[in-house]
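A.B. asks: Okay, handing you the structure first.
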Amino acid sequence: MARYLIIGSRCSFAAGEADFCRDLVCRLAPADNRVTLFLVQNGVLPARAGARGSSFADLACIGVEILADDFSLRERGISSDRLQPGITPAALDVVIDRLVDGAKAIWR
Amino acid sequence: MAERKTLTFALMDTPYESARTTTALRLIDIATRRGYAVNVFAYEGAVMLPFSRQQPHRNAVRGRNVEEENHLLTKDVVAALMEMAARNGGKLDWVNCGLCVDERGVGEAIEGVRRGSPADLWKLVEASDNTLVIGTR
């Protein structure tokens, strides 16, 4: 089982582009990979409950671990109880943990 | 004793313009606190992060002098990270891409920064447990 760490730093509302991270994890997770999507910087904005067109529920259902950088959340005034179900606040240390564990990491 | 881990980060962003720089420095901070060996290959605008001629400035709009403004300089952050790494039994090897340095005329870097080439990035990656590339869009 390969391990992947996809770091999403862009807000899908503002980037004006297809949601690269979402597409990537959707392809990786069903192929018996362990996939973590780590949201950071403006990448945490679509994680808010009720954010239009940005449900992460489908990703959680296929086994993707979805984490949101707690520092980025605090910077933007987003409390953990305002996140979509299935998204967990996490320290940036997780990125280092995954790198040390040998996950294939992609920053977007 | 566990083997010391080695991580490489490739940074591309120029100082003061992107949250990516803040996040990158936070990641390096975490790794150096753990005593890991950390390699940084800075290319494009990121070669200015350890530029030694960075100067603090006053803030005329808010009426603050240089001391009151206490402007954060990335060269000081890089120096502090190098000290942190050494204090925790690790090392921060910062390599500035020489081509990128010359293009920008920023050859004066703080002590501890060395000049390299893209071939050095390959060597760093080969010698690392893992690598994270944080590129500008």
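Residue numbers start at 1 in each chain; chains themselves are named A, B, ... in the order of the structure tokens; ligands are numbered from 1 in the order shown.
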At most 10 Å is the cut-off: for each residue in chain B with any atom that close to an atom of chain A, write down the nearest atom pair and the distance in Å rounded to one decimal, counting only C-alpha atoms, chain first then increasing number, as a tab-separated table.
C.D. replies:
residue	atom	partner	partner_atom	distance
B:Lys5	CA	A:Val100	CA	6.9
B:Thr6	CA	A:Val100	CA	8.1
B:Leu7	CA	A:Val100	CA	7.6
B:Thr8	CA	A:Leu99	CA	9.8
B:Ser18	CA	A:Gln41	CA	10.0
B:Ala19	CA	A:Gln41	CA	6.8
B:Arg20	CA	A:Gln41	CA	7.9
B:Thr22	CA	A:Gln41	CA	9.6
B:Thr23	CA	A:Gln41	CA	8.0
B:Arg26	CA	A:Leu92	CA	7.9
B:Leu27	CA	A:Ile96	CA	7.0
B:Ile28	CA	A:Ile96	CA	8.9
B:Asp29	CA	A:Asp93	CA	9.8
B:Ile30	CA	A:Asp93	CA	6.6
B:Ala31	CA	A:Ile96	CA	6.8
B:Arg34	CA	A:Ile96	CA	9.9
B:Tyr36	CA	A:Val100	CA	9.8
B:Ser128	CA	A:Val100	CA	9.8
B:Asp129	CA	A:Val100	CA	6.6
B:Asn130	CA	A:Leu99	CA	5.8
B:Thr131	CA	A:Leu99	CA	7.5
B:Leu132	CA	A:Ala105	CA	6.3
B:Val133	CA	A:Trp107	CA	6.7
B:Ile134	CA	A:Trp107	CA	5.9
B:Gly135	CA	A:Trp107	CA	7.7
B:Thr136	CA	A:Arg108	CA	9.2
B:Arg137	CA	A:Arg108	CA	8.0
A.B. asks: Store the residues picked out above, limited to N, CA and C atoms, as a tab-separated table (two decimals), in the first residue's frame.
C.D. replies:
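Saved as again.tsv:
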chain	number	residue	atom	x	y	z
B	5	LYS	N	16.79	11.31	10.75
B	5	LYS	CA	16.10	11.45	9.48
B	5	LYS	C	16.62	12.67	8.72
B	6	THR	N	16.54	12.58	7.41
B	6	THR	CA	16.96	13.69	6.55
B	6	THR	C	15.81	14.05	5.61
B	7	LEU	N	15.45	15.32	5.63
B	7	LEU	CA	14.39	15.82	4.77
B	7	LEU	C	14.93	16.95	3.91
B	8	THR	N	14.46	17.01	2.68
B	8	THR	CA	14.84	18.10	1.78
B	8	THR	C	13.61	18.88	1.36
B	18	SER	N	4.22	35.58	-0.17
B	18	SER	CA	3.31	34.45	-0.20
B	18	SER	C	3.27	33.75	1.14
B	19	ALA	N	2.10	33.24	1.47
B	19	ALA	CA	1.97	32.44	2.70
B	19	ALA	C	2.76	31.15	2.59
B	20	ARG	N	3.10	30.77	1.36
B	20	ARG	CA	3.89	29.54	1.19
B	20	ARG	C	5.23	29.64	1.93
B	22	THR	N	5.87	31.35	4.67
B	22	THR	CA	5.61	31.16	6.10
B	22	THR	C	5.44	29.68	6.41
B	23	THR	N	4.65	29.00	5.61
B	23	THR	CA	4.41	27.58	5.86
B	23	THR	C	5.70	26.77	5.70
B	26	ARG	N	7.77	27.27	8.70
B	26	ARG	CA	7.18	26.53	9.83
B	26	ARG	C	7.56	25.05	9.75
B	27	LEU	N	7.51	24.47	8.55
B	27	LEU	CA	7.87	23.07	8.39
B	27	LEU	C	9.34	22.83	8.75
B	28	ILE	N	10.19	23.73	8.28
B	28	ILE	CA	11.62	23.60	8.58
B	28	ILE	C	11.85	23.74	10.09
B	29	ASP	N	11.10	24.63	10.70
B	29	ASP	CA	11.20	24.82	12.15
B	29	ASP	C	10.87	23.52	12.89
B	30	ILE	N	9.79	22.87	12.49
B	30	ILE	CA	9.39	21.62	13.15
B	30	ILE	C	10.49	20.57	12.99
B	31	ALA	N	11.00	20.45	11.78
B	31	ALA	CA	12.02	19.42	11.52
B	31	ALA	C	13.31	19.70	12.28
B	34	ARG	N	13.14	18.83	15.91
B	34	ARG	CA	13.26	17.38	16.15
B	34	ARG	C	14.68	16.87	15.97
B	36	TYR	N	16.32	16.76	13.11
B	36	TYR	CA	16.53	16.13	11.82
B	36	TYR	C	17.61	16.88	11.05
B	128	SER	N	18.27	11.93	0.93
B	128	SER	CA	17.20	12.24	1.89
B	128	SER	C	16.21	11.10	2.03
B	129	ASP	N	15.55	11.09	3.19
B	129	ASP	CA	14.45	10.14	3.37
B	129	ASP	C	13.23	10.57	2.58
B	130	ASN	N	13.09	11.88	2.39
B	130	ASN	CA	11.95	12.37	1.61
B	130	ASN	C	12.20	13.82	1.20
B	131	THR	N	11.43	14.27	0.23
B	131	THR	CA	11.59	15.62	-0.32
B	131	THR	C	10.22	16.23	-0.56
B	132	LEU	N	10.11	17.50	-0.23
B	132	LEU	CA	8.88	18.23	-0.53
B	132	LEU	C	9.24	19.46	-1.36
B	133	VAL	N	8.63	19.55	-2.52
B	133	VAL	CA	8.84	20.71	-3.40
B	133	VAL	C	7.68	21.67	-3.21
B	134	ILE	N	8.00	22.89	-2.79
B	134	ILE	CA	6.97	23.90	-2.60
B	134	ILE	C	7.19	24.97	-3.67
B	135	GLY	N	6.55	24.76	-4.79
B	135	GLY	CA	6.78	25.65	-5.93
B	135	GLY	C	5.77	26.79	-5.99
B	136	THR	N	6.18	27.87	-6.60
B	136	THR	CA	5.24	28.95	-6.88
B	136	THR	C	4.30	28.47	-7.96
B	137	ARG	N	3.08	28.92	-7.95
B	137	ARG	CA	2.10	28.42	-8.91
B	137	ARG	C	2.59	28.67	-10.33
A.B. asks: Taking 4 positions as the minimum chain separation for residues in the same chain, which residues sit within 10 Å of Thr74 in chain B when counting only C-alpha atoms? Answer as a VMD selection string.
C.D. replies: chain B and resid 15 to 16 21 to 22 25 48 to 52 54 78 to 80
A.B. asks: In Å, how far is it from CA of Ala60 in chain A to CA of Arg34 in chain A?
C.D. replies: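 Answer for the CA of Ala60 in chain A to CA of Arg34 in chain A separation: 12.0 Å.
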A.B. asks: Write out as an NGL selection string which residues come within 12 Å of Gly43 in chain A when counting only C-alpha atoms, dropping same-chain ones fewer than 6 positions away.
C.D. replies: (:A and (6-15 or 19-22 or 37 or 54 or 66-70 or 72-73 or 76 or 107-108)) or (:B and (19-20))
A.B. asks: To one decimal place, how far is CA of Tyr4 in chain A from CA of Thr36 in chain A in Å?
C.D. replies: 6.2 Å
A.B. asks: For Gln84 in chain A, which residue among A:Phe56, A:Leu39, A:Ile62, A:Asp23 is the nearest when counting only C-alpha atoms?
C.D. replies: A:Phe56
